[in-house]
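Shown next: structure.cif, containing mmCIF, N, CA and C atoms.
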data_protein
#
loop_
_atom_site.label_atom_id
_atom_site.label_comp_id
_atom_site.auth_asym_id
_atom_site.auth_seq_id
_atom_site.Cartn_x
_atom_site.Cartn_y
_atom_site.Cartn_z
N MET A 283 -10.97 -21.52 33.70
CA MET A 283 -10.98 -20.64 32.55
C MET A 283 -9.89 -19.58 32.70
N GLU A 284 -9.11 -19.43 31.67
CA GLU A 284 -8.00 -18.48 31.70
C GLU A 284 -8.50 -17.08 31.37
N SER A 285 -8.12 -16.10 32.17
CA SER A 285 -8.54 -14.73 31.90
C SER A 285 -7.59 -14.10 30.88
N LYS A 286 -8.17 -13.28 30.02
CA LYS A 286 -7.37 -12.62 28.99
C LYS A 286 -6.76 -11.35 29.55
N LYS A 287 -5.55 -11.04 29.08
CA LYS A 287 -4.89 -9.79 29.43
C LYS A 287 -4.50 -9.10 28.13
N LEU A 288 -4.69 -7.81 28.11
CA LEU A 288 -4.30 -7.01 26.95
C LEU A 288 -2.82 -6.69 27.07
N THR A 289 -2.03 -7.31 26.19
CA THR A 289 -0.58 -7.11 26.21
C THR A 289 -0.09 -6.85 24.79
N ARG A 290 1.09 -6.24 24.70
CA ARG A 290 1.71 -6.07 23.38
C ARG A 290 2.18 -7.43 22.90
N SER A 291 2.03 -7.67 21.62
CA SER A 291 2.36 -8.97 21.05
C SER A 291 3.82 -9.05 20.63
N ASN A 292 4.29 -10.28 20.50
CA ASN A 292 5.62 -10.51 19.93
C ASN A 292 5.57 -10.47 18.40
N ASN A 293 4.36 -10.55 17.83
CA ASN A 293 4.14 -10.41 16.39
C ASN A 293 4.00 -8.93 16.11
N LYS A 294 5.13 -8.24 15.96
CA LYS A 294 5.08 -6.79 15.89
C LYS A 294 5.66 -6.23 14.61
N MET A 295 5.11 -5.10 14.21
CA MET A 295 5.67 -4.34 13.10
C MET A 295 6.40 -3.12 13.68
N VAL A 296 5.81 -2.48 14.69
CA VAL A 296 6.46 -1.35 15.36
C VAL A 296 6.68 -1.71 16.82
N ALA A 297 5.59 -1.76 17.60
CA ALA A 297 5.73 -2.08 19.02
C ALA A 297 4.83 -3.21 19.47
N GLY A 298 4.02 -3.77 18.59
CA GLY A 298 3.16 -4.89 18.93
C GLY A 298 1.80 -4.50 19.49
N VAL A 299 1.45 -3.21 19.42
CA VAL A 299 0.18 -2.75 19.98
C VAL A 299 -1.00 -3.29 19.17
N CYS A 300 -1.00 -3.10 17.88
CA CYS A 300 -2.12 -3.57 17.04
C CYS A 300 -2.26 -5.09 17.09
N ALA A 301 -1.15 -5.80 17.05
CA ALA A 301 -1.21 -7.26 17.11
C ALA A 301 -1.69 -7.72 18.48
N GLY A 302 -1.35 -7.00 19.53
CA GLY A 302 -1.82 -7.34 20.86
C GLY A 302 -3.33 -7.16 20.98
N ILE A 303 -3.85 -6.09 20.40
CA ILE A 303 -5.30 -5.86 20.38
C ILE A 303 -5.98 -6.96 19.58
N ALA A 304 -5.39 -7.33 18.45
CA ALA A 304 -5.96 -8.39 17.62
C ALA A 304 -5.98 -9.73 18.36
N GLU A 305 -4.92 -10.06 19.08
CA GLU A 305 -4.88 -11.30 19.84
C GLU A 305 -5.92 -11.29 20.95
N TYR A 306 -6.13 -10.15 21.58
CA TYR A 306 -7.11 -10.05 22.66
C TYR A 306 -8.52 -10.33 22.14
N PHE A 307 -8.85 -9.80 20.96
CA PHE A 307 -10.19 -9.98 20.40
C PHE A 307 -10.27 -11.16 19.42
N ASP A 308 -9.21 -11.93 19.27
CA ASP A 308 -9.16 -13.09 18.38
C ASP A 308 -9.52 -12.75 16.94
N ILE A 309 -8.89 -11.70 16.41
CA ILE A 309 -9.08 -11.32 15.01
C ILE A 309 -7.72 -11.19 14.34
N ASP A 310 -7.74 -11.03 13.03
CA ASP A 310 -6.51 -10.94 12.25
C ASP A 310 -5.77 -9.63 12.54
N PRO A 311 -4.48 -9.67 12.86
CA PRO A 311 -3.73 -8.45 13.14
C PRO A 311 -3.71 -7.47 11.95
N THR A 312 -3.75 -8.00 10.73
CA THR A 312 -3.74 -7.13 9.56
C THR A 312 -4.99 -6.26 9.53
N LEU A 313 -6.12 -6.80 9.93
CA LEU A 313 -7.36 -6.05 9.96
C LEU A 313 -7.26 -4.90 10.97
N VAL A 314 -6.70 -5.16 12.12
CA VAL A 314 -6.54 -4.11 13.14
C VAL A 314 -5.57 -3.04 12.64
N ARG A 315 -4.49 -3.46 11.99
CA ARG A 315 -3.52 -2.49 11.47
C ARG A 315 -4.12 -1.61 10.39
N VAL A 316 -4.93 -2.19 9.50
CA VAL A 316 -5.58 -1.41 8.44
C VAL A 316 -6.58 -0.43 9.04
N CYS A 317 -7.36 -0.88 10.01
CA CYS A 317 -8.33 0.01 10.67
C CYS A 317 -7.61 1.14 11.40
N TYR A 318 -6.50 0.83 12.06
CA TYR A 318 -5.72 1.85 12.74
C TYR A 318 -5.16 2.87 11.75
N ALA A 319 -4.64 2.38 10.63
CA ALA A 319 -4.09 3.29 9.62
C ALA A 319 -5.18 4.20 9.05
N ALA A 320 -6.36 3.64 8.79
CA ALA A 320 -7.47 4.44 8.27
C ALA A 320 -7.91 5.47 9.30
N LEU A 321 -8.00 5.07 10.56
CA LEU A 321 -8.37 6.01 11.61
C LEU A 321 -7.35 7.14 11.71
N SER A 322 -6.08 6.81 11.62
CA SER A 322 -5.03 7.84 11.70
C SER A 322 -5.08 8.80 10.51
N ILE A 323 -5.31 8.27 9.33
CA ILE A 323 -5.36 9.13 8.14
C ILE A 323 -6.56 10.06 8.19
N PHE A 324 -7.73 9.52 8.55
CA PHE A 324 -8.94 10.33 8.56
C PHE A 324 -9.05 11.26 9.76
N SER A 325 -8.19 11.10 10.75
CA SER A 325 -8.19 12.01 11.90
C SER A 325 -6.96 12.93 11.85
N ALA A 326 -6.42 13.14 10.69
CA ALA A 326 -5.26 14.01 10.46
C ALA A 326 -3.98 13.48 11.11
N GLY A 327 -3.92 12.20 11.41
CA GLY A 327 -2.67 11.57 11.84
C GLY A 327 -2.30 11.74 13.29
N PHE A 328 -2.37 12.94 13.80
CA PHE A 328 -1.84 13.20 15.15
C PHE A 328 -2.56 12.43 16.25
N PRO A 329 -3.91 12.42 16.32
CA PRO A 329 -4.56 11.67 17.40
C PRO A 329 -4.24 10.17 17.35
N GLY A 330 -4.15 9.61 16.15
CA GLY A 330 -3.82 8.19 16.03
C GLY A 330 -2.41 7.90 16.51
N LEU A 331 -1.48 8.75 16.18
CA LEU A 331 -0.09 8.59 16.62
C LEU A 331 0.02 8.74 18.13
N LEU A 332 -0.69 9.72 18.67
CA LEU A 332 -0.67 9.94 20.11
C LEU A 332 -1.27 8.73 20.85
N LEU A 333 -2.38 8.20 20.36
CA LEU A 333 -3.00 7.03 20.95
C LEU A 333 -2.05 5.83 20.92
N TYR A 334 -1.36 5.62 19.80
CA TYR A 334 -0.44 4.50 19.67
C TYR A 334 0.70 4.63 20.70
N ILE A 335 1.24 5.82 20.84
CA ILE A 335 2.34 6.03 21.80
C ILE A 335 1.87 5.78 23.22
N ILE A 336 0.66 6.24 23.55
CA ILE A 336 0.12 6.02 24.90
C ILE A 336 -0.07 4.53 25.15
N LEU A 337 -0.65 3.82 24.17
CA LEU A 337 -0.85 2.38 24.33
C LEU A 337 0.49 1.64 24.42
N MET A 338 1.48 2.09 23.68
CA MET A 338 2.79 1.46 23.71
C MET A 338 3.41 1.58 25.11
N ILE A 339 3.16 2.69 25.78
CA ILE A 339 3.70 2.90 27.13
C ILE A 339 2.90 2.12 28.17
N ILE A 340 1.57 2.12 28.02
CA ILE A 340 0.69 1.52 29.03
C ILE A 340 0.64 0.00 28.96
N MET A 341 0.56 -0.56 27.74
CA MET A 341 0.39 -2.01 27.58
C MET A 341 1.69 -2.74 27.91
N PRO A 342 1.63 -3.74 28.79
CA PRO A 342 2.85 -4.49 29.11
C PRO A 342 3.22 -5.44 27.96
N GLN A 343 4.49 -5.77 27.88
CA GLN A 343 4.98 -6.71 26.88
C GLN A 343 4.51 -8.11 27.24
N LYS A 344 4.14 -8.91 26.24
CA LYS A 344 3.68 -10.27 26.46
C LYS A 344 4.83 -11.12 27.01
N GLU A 345 4.53 -11.92 28.03
CA GLU A 345 5.52 -12.82 28.58
C GLU A 345 5.46 -14.15 27.86
N TRP A 346 6.57 -14.82 27.74
CA TRP A 346 6.61 -16.11 27.07
C TRP A 346 6.00 -17.10 27.95
#

Before anything else, please render the file you have as structure tokens.
Amino acid sequence: MESKKLTRSNNKMVAGVCAGIAEYFDIDPTLVRVCYAALSIFSAGFPGLLLYIILMIIMPQKEW
């Protein structure tokens, strides 16, 4: 059985963070992006942006 790793995806709009999370949980990347956008809007934007930047730095890029 192959173990899953949380990585940034090559299917990216900005840095591949949302698509990487979607691939890890086997859900549609658009759903994750919409939920992230809603979270950012309802939390006054800054915490969502900060979280995205942190994940972009921490999550490794997906290897081919």

Among the residues A:Tyr306, A:Cys317, A:Gln343, A:Ala301, the one that comes closest to Ser285 of chain A [using only C-alpha atoms]: A:Tyr306

Evaluating the PyMOL selection byres ((chain A and resi 291) around 6.5) on the displayed file yields which residues, as a list in words? Thr289, Arg290, Asn292, Asn293, Lys294, Ala297, Gly298, Val299, Ala301, Gly302, Ile303, Gln343 and Lys344 of chain A

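Atom CA of Cys300 of chain A sits 12.3 Å away from atom CA of Leu331 of chain A.
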
Could you please write out, as a PyMOL selection string, every residue of chain A that DSSP assigns to helix (DSSP H, G or I)? chain A and resi 299-307+311-324+328-340

I need the residue nearest Thr312 of chain A from this list: A:Glu345, A:Met295, A:Lys286, A:Leu337. Use only C-alpha atoms for the distance. A:Met295

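Remark: for Met341 of chain A, the closest of the candidate residues A:Ala304, A:Leu321, A:Leu288, A:Ala326 is A:Leu288 (distances computed over only N, CA and C atoms).
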
Between atom CA of Phe307 of chain A and atom CA of Lys287 of chain A, distance in Å (one decimal): 10.5 Å

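Here atom N of Tyr318 of chain A stands at a distance of 28.3 Å from atom N of Glu284 of chain A.
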
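When only C-alpha atoms are used to measure the gap to Tyr334 of chain A, the shortest distance among A:Val316, A:Glu305, A:Val296, A:Pro311 belongs to A:Val296.
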
Write a file for segment 297-341 of chain A of the given structure; include N, CA and C atoms and format it as a PDB file, in the first residue's frame.
ATOM      1  N   ALA A 297       0.161  28.531  -6.371  1.00  0.00           N
ATOM      2  CA  ALA A 297       1.334  27.734  -5.992  1.00  0.00           C
ATOM      3  C   ALA A 297       1.035  26.247  -5.880  1.00  0.00           C
ATOM      4  N   GLY A 298      -0.201  25.831  -6.097  1.00  0.00           N
ATOM      5  CA  GLY A 298      -0.558  24.425  -6.051  1.00  0.00           C
ATOM      6  C   GLY A 298      -0.943  23.911  -4.676  1.00  0.00           C
ATOM      7  N   VAL A 299      -1.113  24.813  -3.707  1.00  0.00           N
ATOM      8  CA  VAL A 299      -1.442  24.396  -2.344  1.00  0.00           C
ATOM      9  C   VAL A 299      -2.847  23.797  -2.275  1.00  0.00           C
ATOM     10  N   CYS A 300      -3.836  24.498  -2.767  1.00  0.00           N
ATOM     11  CA  CYS A 300      -5.222  24.000  -2.706  1.00  0.00           C
ATOM     12  C   CYS A 300      -5.390  22.712  -3.503  1.00  0.00           C
ATOM     13  N   ALA A 301      -4.781  22.641  -4.667  1.00  0.00           N
ATOM     14  CA  ALA A 301      -4.877  21.424  -5.479  1.00  0.00           C
ATOM     15  C   ALA A 301      -4.151  20.267  -4.804  1.00  0.00           C
ATOM     16  N   GLY A 302      -3.067  20.543  -4.114  1.00  0.00           N
ATOM     17  CA  GLY A 302      -2.352  19.506  -3.385  1.00  0.00           C
ATOM     18  C   GLY A 302      -3.190  18.946  -2.243  1.00  0.00           C
ATOM     19  N   ILE A 303      -3.891  19.820  -1.531  1.00  0.00           N
ATOM     20  CA  ILE A 303      -4.788  19.383  -0.459  1.00  0.00           C
ATOM     21  C   ILE A 303      -5.925  18.554  -1.053  1.00  0.00           C
ATOM     22  N   ALA A 304      -6.456  18.992  -2.183  1.00  0.00           N
ATOM     23  CA  ALA A 304      -7.539  18.258  -2.840  1.00  0.00           C
ATOM     24  C   ALA A 304      -7.079  16.870  -3.282  1.00  0.00           C
ATOM     25  N   GLU A 305      -5.885  16.760  -3.836  1.00  0.00           N
ATOM     26  CA  GLU A 305      -5.364  15.462  -4.256  1.00  0.00           C
ATOM     27  C   GLU A 305      -5.150  14.551  -3.058  1.00  0.00           C
ATOM     28  N   TYR A 306      -4.706  15.099  -1.945  1.00  0.00           N
ATOM     29  CA  TYR A 306      -4.470  14.299  -0.746  1.00  0.00           C
ATOM     30  C   TYR A 306      -5.773  13.688  -0.229  1.00  0.00           C
ATOM     31  N   PHE A 307      -6.861  14.467  -0.251  1.00  0.00           N
ATOM     32  CA  PHE A 307      -8.145  13.987   0.248  1.00  0.00           C
ATOM     33  C   PHE A 307      -9.046  13.426  -0.858  1.00  0.00           C
ATOM     34  N   ASP A 308      -8.556  13.342  -2.081  1.00  0.00           N
ATOM     35  CA  ASP A 308      -9.303  12.814  -3.229  1.00  0.00           C
ATOM     36  C   ASP A 308     -10.627  13.542  -3.452  1.00  0.00           C
ATOM     37  N   ILE A 309     -10.561  14.868  -3.481  1.00  0.00           N
ATOM     38  CA  ILE A 309     -11.740  15.685  -3.776  1.00  0.00           C
ATOM     39  C   ILE A 309     -11.398  16.665  -4.889  1.00  0.00           C
ATOM     40  N   ASP A 310     -12.415  17.336  -5.395  1.00  0.00           N
ATOM     41  CA  ASP A 310     -12.250  18.271  -6.505  1.00  0.00           C
ATOM     42  C   ASP A 310     -11.463  19.515  -6.060  1.00  0.00           C
ATOM     43  N   PRO A 311     -10.405  19.897  -6.776  1.00  0.00           N
ATOM     44  CA  PRO A 311      -9.633  21.078  -6.405  1.00  0.00           C
ATOM     45  C   PRO A 311     -10.465  22.369  -6.379  1.00  0.00           C
ATOM     46  N   THR A 312     -11.476  22.452  -7.239  1.00  0.00           N
ATOM     47  CA  THR A 312     -12.320  23.645  -7.261  1.00  0.00           C
ATOM     48  C   THR A 312     -13.058  23.810  -5.939  1.00  0.00           C
ATOM     49  N   LEU A 313     -13.495  22.722  -5.354  1.00  0.00           N
ATOM     50  CA  LEU A 313     -14.187  22.771  -4.071  1.00  0.00           C
ATOM     51  C   LEU A 313     -13.258  23.303  -2.977  1.00  0.00           C
ATOM     52  N   VAL A 314     -12.027  22.846  -2.962  1.00  0.00           N
ATOM     53  CA  VAL A 314     -11.056  23.313  -1.967  1.00  0.00           C
ATOM     54  C   VAL A 314     -10.765  24.798  -2.186  1.00  0.00           C
ATOM     55  N   ARG A 315     -10.620  25.210  -3.442  1.00  0.00           N
ATOM     56  CA  ARG A 315     -10.342  26.617  -3.730  1.00  0.00           C
ATOM     57  C   ARG A 315     -11.491  27.521  -3.311  1.00  0.00           C
ATOM     58  N   VAL A 316     -12.730  27.085  -3.549  1.00  0.00           N
ATOM     59  CA  VAL A 316     -13.906  27.878  -3.150  1.00  0.00           C
ATOM     60  C   VAL A 316     -13.988  27.973  -1.629  1.00  0.00           C
ATOM     61  N   CYS A 317     -13.760  26.857  -0.946  1.00  0.00           N
ATOM     62  CA  CYS A 317     -13.786  26.874   0.524  1.00  0.00           C
ATOM     63  C   CYS A 317     -12.682  27.768   1.074  1.00  0.00           C
ATOM     64  N   TYR A 318     -11.503  27.720   0.473  1.00  0.00           N
ATOM     65  CA  TYR A 318     -10.404  28.581   0.904  1.00  0.00           C
ATOM     66  C   TYR A 318     -10.746  30.057   0.686  1.00  0.00           C
ATOM     67  N   ALA A 319     -11.328  30.369  -0.462  1.00  0.00           N
ATOM     68  CA  ALA A 319     -11.702  31.760  -0.742  1.00  0.00           C
ATOM     69  C   ALA A 319     -12.758  32.248   0.245  1.00  0.00           C
ATOM     70  N   ALA A 320     -13.741  31.407   0.552  1.00  0.00           N
ATOM     71  CA  ALA A 320     -14.780  31.787   1.515  1.00  0.00           C
ATOM     72  C   ALA A 320     -14.172  31.986   2.898  1.00  0.00           C
ATOM     73  N   LEU A 321     -13.282  31.092   3.303  1.00  0.00           N
ATOM     74  CA  LEU A 321     -12.618  31.231   4.596  1.00  0.00           C
ATOM     75  C   LEU A 321     -11.824  32.529   4.660  1.00  0.00           C
ATOM     76  N   SER A 322     -11.125  32.855   3.588  1.00  0.00           N
ATOM     77  CA  SER A 322     -10.332  34.086   3.563  1.00  0.00           C
ATOM     78  C   SER A 322     -11.210  35.335   3.625  1.00  0.00           C
ATOM     79  N   ILE A 323     -12.313  35.317   2.909  1.00  0.00           N
ATOM     80  CA  ILE A 323     -13.203  36.481   2.902  1.00  0.00           C
ATOM     81  C   ILE A 323     -13.847  36.687   4.267  1.00  0.00           C
ATOM     82  N   PHE A 324     -14.332  35.596   4.867  1.00  0.00           N
ATOM     83  CA  PHE A 324     -15.028  35.714   6.143  1.00  0.00           C
ATOM     84  C   PHE A 324     -14.091  35.900   7.333  1.00  0.00           C
ATOM     85  N   SER A 325     -12.791  35.718   7.136  1.00  0.00           N
ATOM     86  CA  SER A 325     -11.836  35.962   8.220  1.00  0.00           C
ATOM     87  C   SER A 325     -11.033  37.239   7.952  1.00  0.00           C
ATOM     88  N   ALA A 326     -11.579  38.130   7.187  1.00  0.00           N
ATOM     89  CA  ALA A 326     -10.966  39.425   6.851  1.00  0.00           C
ATOM     90  C   ALA A 326      -9.705  39.282   6.001  1.00  0.00           C
ATOM     91  N   GLY A 327      -9.528  38.163   5.325  1.00  0.00           N
ATOM     92  CA  GLY A 327      -8.466  38.011   4.336  1.00  0.00           C
ATOM     93  C   GLY A 327      -7.087  37.696   4.869  1.00  0.00           C
ATOM     94  N   PHE A 328      -6.644  38.399   5.874  1.00  0.00           N
ATOM     95  CA  PHE A 328      -5.252  38.265   6.312  1.00  0.00           C
ATOM     96  C   PHE A 328      -4.898  36.877   6.832  1.00  0.00           C
ATOM     97  N   PRO A 329      -5.688  36.255   7.739  1.00  0.00           N
ATOM     98  CA  PRO A 329      -5.314  34.914   8.207  1.00  0.00           C
ATOM     99  C   PRO A 329      -5.266  33.881   7.076  1.00  0.00           C
ATOM    100  N   GLY A 330      -6.183  33.981   6.123  1.00  0.00           N
ATOM    101  CA  GLY A 330      -6.178  33.052   5.000  1.00  0.00           C
ATOM    102  C   GLY A 330      -4.953  33.224   4.131  1.00  0.00           C
ATOM    103  N   LEU A 331      -4.562  34.444   3.885  1.00  0.00           N
ATOM    104  CA  LEU A 331      -3.365  34.727   3.088  1.00  0.00           C
ATOM    105  C   LEU A 331      -2.111  34.249   3.809  1.00  0.00           C
ATOM    106  N   LEU A 332      -2.053  34.498   5.108  1.00  0.00           N
ATOM    107  CA  LEU A 332      -0.907  34.064   5.897  1.00  0.00           C
ATOM    108  C   LEU A 332      -0.799  32.533   5.907  1.00  0.00           C
ATOM    109  N   LEU A 333      -1.917  31.846   6.078  1.00  0.00           N
ATOM    110  CA  LEU A 333      -1.931  30.390   6.054  1.00  0.00           C
ATOM    111  C   LEU A 333      -1.459  29.857   4.700  1.00  0.00           C
ATOM    112  N   TYR A 334      -1.912  30.465   3.610  1.00  0.00           N
ATOM    113  CA  TYR A 334      -1.517  30.028   2.275  1.00  0.00           C
ATOM    114  C   TYR A 334       0.000  30.187   2.086  1.00  0.00           C
ATOM    115  N   ILE A 335       0.544  31.302   2.516  1.00  0.00           N
ATOM    116  CA  ILE A 335       1.987  31.543   2.370  1.00  0.00           C
ATOM    117  C   ILE A 335       2.785  30.534   3.189  1.00  0.00           C
ATOM    118  N   ILE A 336       2.318  30.242   4.408  1.00  0.00           N
ATOM    119  CA  ILE A 336       3.008  29.262   5.251  1.00  0.00           C
ATOM    120  C   ILE A 336       2.972  27.884   4.594  1.00  0.00           C
ATOM    121  N   LEU A 337       1.796  27.479   4.094  1.00  0.00           N
ATOM    122  CA  LEU A 337       1.688  26.181   3.428  1.00  0.00           C
ATOM    123  C   LEU A 337       2.533  26.131   2.159  1.00  0.00           C
ATOM    124  N   MET A 338       2.612  27.237   1.437  1.00  0.00           N
ATOM    125  CA  MET A 338       3.409  27.291   0.221  1.00  0.00           C
ATOM    126  C   MET A 338       4.889  27.054   0.542  1.00  0.00           C
ATOM    127  N   ILE A 339       5.342  27.545   1.686  1.00  0.00           N
ATOM    128  CA  ILE A 339       6.740  27.371   2.088  1.00  0.00           C
ATOM    129  C   ILE A 339       6.992  25.964   2.628  1.00  0.00           C
ATOM    130  N   ILE A 340       6.045  25.452   3.419  1.00  0.00           N
ATOM    131  CA  ILE A 340       6.238  24.167   4.095  1.00  0.00           C
ATOM    132  C   ILE A 340       6.028  22.965   3.183  1.00  0.00           C
ATOM    133  N   MET A 341       4.988  23.005   2.332  1.00  0.00           N
ATOM    134  CA  MET A 341       4.652  21.846   1.494  1.00  0.00           C
ATOM    135  C   MET A 341       5.670  21.686   0.362  1.00  0.00           C
TER     136      MET A 341
END
